[in-house]
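All remarks here apply to the structure that follows.
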Amino acid sequence: MTIVRQPTRAGVRDAAAKIAAILPPTPLFVHEINGIDVAFKAESLQPIGAFKIRGAWHRLTALDAEARARGVVAFSSGNHAQGIAWAARRLGIAATIVMPADAPRAKREATLALGAEVVAYDRATGSRELIAGQLATARNATLVPSFDDPWVIEGQGSTAIEAARQMVEAGLGAPAHAIVPCGGGGLAAGIALALPEARITIVEPAGWDDMTRSLEASWIEPVGPNPPSTACDALQTKEVSPLTFDVLARRDAKGVAVSEEEIATAQRWAAENLRLVVEPGGAVALAALLAGRVAPEPGVLVILSGGNVDIAAYGRVLCGGSES
């Protein structure tokens, strides 16, 4: 019988130590909302503009020399792609990324600039998992999913290890409630492992709230047919994995959904109040707080997970519109 490795809190701590050895902590901003000091972890300021660098580094450094020589294959709309490409280049590993043809140009170009090979597919008709799996098999390479992987989950959880220390140093105490963007749930699951005493709220764009519905139902619910368009390209996961769902379900995590208008409002708020560029998927946790889906409270931690925006679309947002 094959034993599947499970992500653990010890693994999250190991990942945090690995990442601290090569990258400085991302900043923690504090801003008052409704009289409450709220902590914002700016993963948008990572070298690749998103938290995905964490899971990529933890996963690729776990490969032995033979596996590294065979290369890696991943699938992503852009942020995981850049994380894998960044880590692979630093470790001397060949990387191939399966990306949707309609992925933001900036993310595709950044992935190529980091030295990865990009294979495009049609998001509406193709299966990125199937294509990536076939490529990995044909090349005898290691497949590195964007969330359905214990090392990736642990790496993403290092975000909260840093944030907890920064909150204590800022006099805010330990995190009591983490509000986290959620696509496949890798970041949220990692943070749930890292912060065993904190409440966890995951946030998704409306119509793509499959993790929220799954947690409510106590079994995995896929995204429904014909989901609405969303500017949150990083959060368009049609079905979450048992690995991330199980971690969040055991922690009794809750979920909420936010509209495209609320997401755009959050992007503008971040620009005006934190002086941060935050992409739509990276702004959903903030959107939930600003829209009243989640109430501010002492010890709350909001993850701003990415800042890789399409400049033209972001300009429209800043002028009062939305990206979608």
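Every chain in the structure tokens takes a letter, A first, then B, and so on in the order presented; its residues are numbered from 1, and the ligands are numbered from 1 following the presented order.
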Show me, as a PDB file with all heavy atoms, in the first residue's frame, the residues that have an atom within 8 Å of Lys238 in chain A when counting only C-alpha atoms, minus same-chain residues fewer than 6 positions from it.
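Saved the output as out01.pdb:
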```pdb
ATOM      1  N   TRP A 208     -16.912  31.084  -7.678  1.00  0.00           N
ATOM      2  CA  TRP A 208     -15.749  30.208  -7.621  1.00  0.00           C
ATOM      3  C   TRP A 208     -15.493  29.775  -6.178  1.00  0.00           C
ATOM      4  O   TRP A 208     -14.368  29.425  -5.819  1.00  0.00           O
ATOM      5  CB  TRP A 208     -14.523  30.914  -8.192  1.00  0.00           C
ATOM      6  CG  TRP A 208     -14.632  31.158  -9.661  1.00  0.00           C
ATOM      7  CD1 TRP A 208     -15.200  32.237 -10.280  1.00  0.00           C
ATOM      8  CD2 TRP A 208     -14.193  30.277 -10.708  1.00  0.00           C
ATOM      9  NE1 TRP A 208     -15.137  32.096 -11.642  1.00  0.00           N
ATOM     10  CE2 TRP A 208     -14.521  30.899 -11.945  1.00  0.00           C
ATOM     11  CE3 TRP A 208     -13.559  29.044 -10.733  1.00  0.00           C
ATOM     12  CZ2 TRP A 208     -14.234  30.316 -13.175  1.00  0.00           C
ATOM     13  CZ3 TRP A 208     -13.268  28.466 -11.951  1.00  0.00           C
ATOM     14  CH2 TRP A 208     -13.598  29.099 -13.156  1.00  0.00           C
ATOM     15  N   ASP A 210     -15.895  27.190  -4.318  1.00  0.00           N
ATOM     16  CA  ASP A 210     -16.066  25.755  -4.107  1.00  0.00           C
ATOM     17  C   ASP A 210     -15.514  25.286  -2.767  1.00  0.00           C
ATOM     18  O   ASP A 210     -16.062  24.363  -2.161  1.00  0.00           O
ATOM     19  CB  ASP A 210     -15.438  24.956  -5.257  1.00  0.00           C
ATOM     20  CG  ASP A 210     -14.005  25.358  -5.546  1.00  0.00           C
ATOM     21  OD1 ASP A 210     -13.726  26.572  -5.571  1.00  0.00           O
ATOM     22  OD2 ASP A 210     -13.170  24.465  -5.761  1.00  0.00           O
ATOM     23  N   PRO A 222     -17.406  20.659  -6.365  1.00  0.00           N
ATOM     24  CA  PRO A 222     -16.715  21.385  -7.432  1.00  0.00           C
ATOM     25  C   PRO A 222     -17.419  22.690  -7.777  1.00  0.00           C
ATOM     26  O   PRO A 222     -18.571  22.916  -7.372  1.00  0.00           O
ATOM     27  CB  PRO A 222     -16.776  20.410  -8.614  1.00  0.00           C
ATOM     28  CG  PRO A 222     -18.016  19.614  -8.358  1.00  0.00           C
ATOM     29  CD  PRO A 222     -18.113  19.472  -6.854  1.00  0.00           C
ATOM     30  N   VAL A 223     -16.736  23.541  -8.501  1.00  0.00           N
ATOM     31  CA  VAL A 223     -17.363  24.749  -9.032  1.00  0.00           C
ATOM     32  C   VAL A 223     -18.497  24.328  -9.959  1.00  0.00           C
ATOM     33  O   VAL A 223     -18.392  23.338 -10.691  1.00  0.00           O
ATOM     34  CB  VAL A 223     -16.326  25.592  -9.800  1.00  0.00           C
ATOM     35  CG1 VAL A 223     -16.993  26.715 -10.582  1.00  0.00           C
ATOM     36  CG2 VAL A 223     -15.303  26.171  -8.834  1.00  0.00           C
TER      37      VAL A 223
END
```
List every residue of range 92-148 of chain A that has an atom at most 9 Å from any atom of range 73-82 of chain A, giving for each one its closest atom pair and the distance in Å to one decimal, counting only C-alpha atoms, sorted by chain and then by ascending residue number, as JSON lines.
```
{"residue": "A:Ala94", "atom": "CA", "partner": "A:Val73", "partner_atom": "CA", "distance": 8.6}
{"residue": "A:Ala95", "atom": "CA", "partner": "A:Val73", "partner_atom": "CA", "distance": 5.8}
{"residue": "A:Thr96", "atom": "CA", "partner": "A:Val73", "partner_atom": "CA", "distance": 4.8}
{"residue": "A:Ile97", "atom": "CA", "partner": "A:Ala74", "partner_atom": "CA", "distance": 4.9}
{"residue": "A:Val98", "atom": "CA", "partner": "A:Phe75", "partner_atom": "CA", "distance": 4.4}
{"residue": "A:Met99", "atom": "CA", "partner": "A:Ser77", "partner_atom": "CA", "distance": 5.3}
{"residue": "A:Pro100", "atom": "CA", "partner": "A:Ser77", "partner_atom": "CA", "distance": 6.0}
{"residue": "A:Ala101", "atom": "CA", "partner": "A:Ser77", "partner_atom": "CA", "distance": 8.9}
{"residue": "A:Asp102", "atom": "CA", "partner": "A:Ser77", "partner_atom": "CA", "distance": 8.5}
{"residue": "A:Ala103", "atom": "CA", "partner": "A:Ser77", "partner_atom": "CA", "distance": 5.4}
{"residue": "A:Pro104", "atom": "CA", "partner": "A:Gly78", "partner_atom": "CA", "distance": 7.4}
{"residue": "A:Ala106", "atom": "CA", "partner": "A:Gly78", "partner_atom": "CA", "distance": 8.6}
{"residue": "A:Lys107", "atom": "CA", "partner": "A:Gly78", "partner_atom": "CA", "distance": 4.9}
{"residue": "A:Arg108", "atom": "CA", "partner": "A:Gly78", "partner_atom": "CA", "distance": 6.3}
{"residue": "A:Ala110", "atom": "CA", "partner": "A:Gln82", "partner_atom": "CA", "distance": 6.8}
{"residue": "A:Thr111", "atom": "CA", "partner": "A:Gln82", "partner_atom": "CA", "distance": 4.9}
{"residue": "A:Leu112", "atom": "CA", "partner": "A:Gln82", "partner_atom": "CA", "distance": 8.6}
{"residue": "A:Leu114", "atom": "CA", "partner": "A:Gln82", "partner_atom": "CA", "distance": 7.4}
{"residue": "A:Ala116", "atom": "CA", "partner": "A:Ala81", "partner_atom": "CA", "distance": 8.5}
{"residue": "A:Val118", "atom": "CA", "partner": "A:Ala81", "partner_atom": "CA", "distance": 9.0}
{"residue": "A:Arg128", "atom": "CA", "partner": "A:Phe75", "partner_atom": "CA", "distance": 6.2}
{"residue": "A:Glu129", "atom": "CA", "partner": "A:Phe75", "partner_atom": "CA", "distance": 6.9}
{"residue": "A:Ile131", "atom": "CA", "partner": "A:Phe75", "partner_atom": "CA", "distance": 8.7}
{"residue": "A:Ala132", "atom": "CA", "partner": "A:Phe75", "partner_atom": "CA", "distance": 6.3}
{"residue": "A:Gly133", "atom": "CA", "partner": "A:Val73", "partner_atom": "CA", "distance": 8.0}
{"residue": "A:Leu135", "atom": "CA", "partner": "A:Val73", "partner_atom": "CA", "distance": 7.2}
{"residue": "A:Ala136", "atom": "CA", "partner": "A:Val73", "partner_atom": "CA", "distance": 5.8}
{"residue": "A:Ala141", "atom": "CA", "partner": "A:Val73", "partner_atom": "CA", "distance": 6.5}
{"residue": "A:Thr142", "atom": "CA", "partner": "A:Val73", "partner_atom": "CA", "distance": 6.1}
{"residue": "A:Leu143", "atom": "CA", "partner": "A:Val73", "partner_atom": "CA", "distance": 4.9}
{"residue": "A:Val144", "atom": "CA", "partner": "A:Ala74", "partner_atom": "CA", "distance": 5.0}
{"residue": "A:Pro145", "atom": "CA", "partner": "A:Ala74", "partner_atom": "CA", "distance": 5.8}
{"residue": "A:Ser146", "atom": "CA", "partner": "A:His80", "partner_atom": "CA", "distance": 6.0}
```
Within range 57-304 of chain A, find each residue whose DSSP state, derived from the backbone, is strand (DSSP E), and express the selection as JSON, numbers by chain.
{"A": [72, 73, 74, 75, 95, 96, 97, 98, 99, 100, 117, 118, 119, 120, 121, 142, 143, 177, 178, 179, 180, 181, 199, 200, 201, 202, 203, 204, 205, 254, 255, 256, 257, 258, 300, 301, 302, 303, 304]}
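The protein and nucleic acid residues lying at most 8 Å from range 267-269 of chain A are A:Ile263, A:Ala264, A:Glu272, A:Asn273, A:Leu274, A:Val277, A:Val278, A:Glu279, A:Pro280, A:Ala283, A:Val317, A:Leu318, with only C-alpha atoms considered and sequence neighbours fewer than 3 positions away removed.
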Atom-to-atom span, CA of Pro25 in chain A and CA of Glu162 in chain A, Å
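Answer for the CA of Pro25 in chain A to CA of Glu162 in chain A separation: 6.6 Å.
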If you take only C-alpha atoms and a cut-off of 12 Å, which residues of range 88-164 of chain A touch range 196-202 of chain A, and what are their nearest atom pairs and distances in Å to one decimal, in chain and number order, as a Markdown table?
```
| residue | atom | partner | partner_atom | distance |
| --- | --- | --- | --- | --- |
| A:Gly157 | CA | A:Pro196 | CA | 11.4 |
| A:Ala160 | CA | A:Ala198 | CA | 10.6 |
| A:Ile161 | CA | A:Pro196 | CA | 11.2 |
| A:Ala164 | CA | A:Ala198 | CA | 10.5 |
```
Output file for the residues above (C-alpha atoms, as a PDB file, in the first residue's frame):
```pdb
ATOM      1  CA  GLY A 157       2.362  28.062   5.557  1.00  0.00           C
ATOM      2  CA  ALA A 160       2.139  32.710   8.848  1.00  0.00           C
ATOM      3  CA  ILE A 161       5.290  31.745  10.753  1.00  0.00           C
ATOM      4  CA  ALA A 164       3.097  35.655  13.772  1.00  0.00           C
TER       5      ALA A 164
END
```
Enumerate, as a ChimeraX atom specification, the complete set of residues in range 44-215 of chain A that a backbone-based DSSP assignment places in helix (DSSP H, G or I).
/A:44-45,52-61,65-70,79-91,105-113,128-139,150-169,186-194,210-215
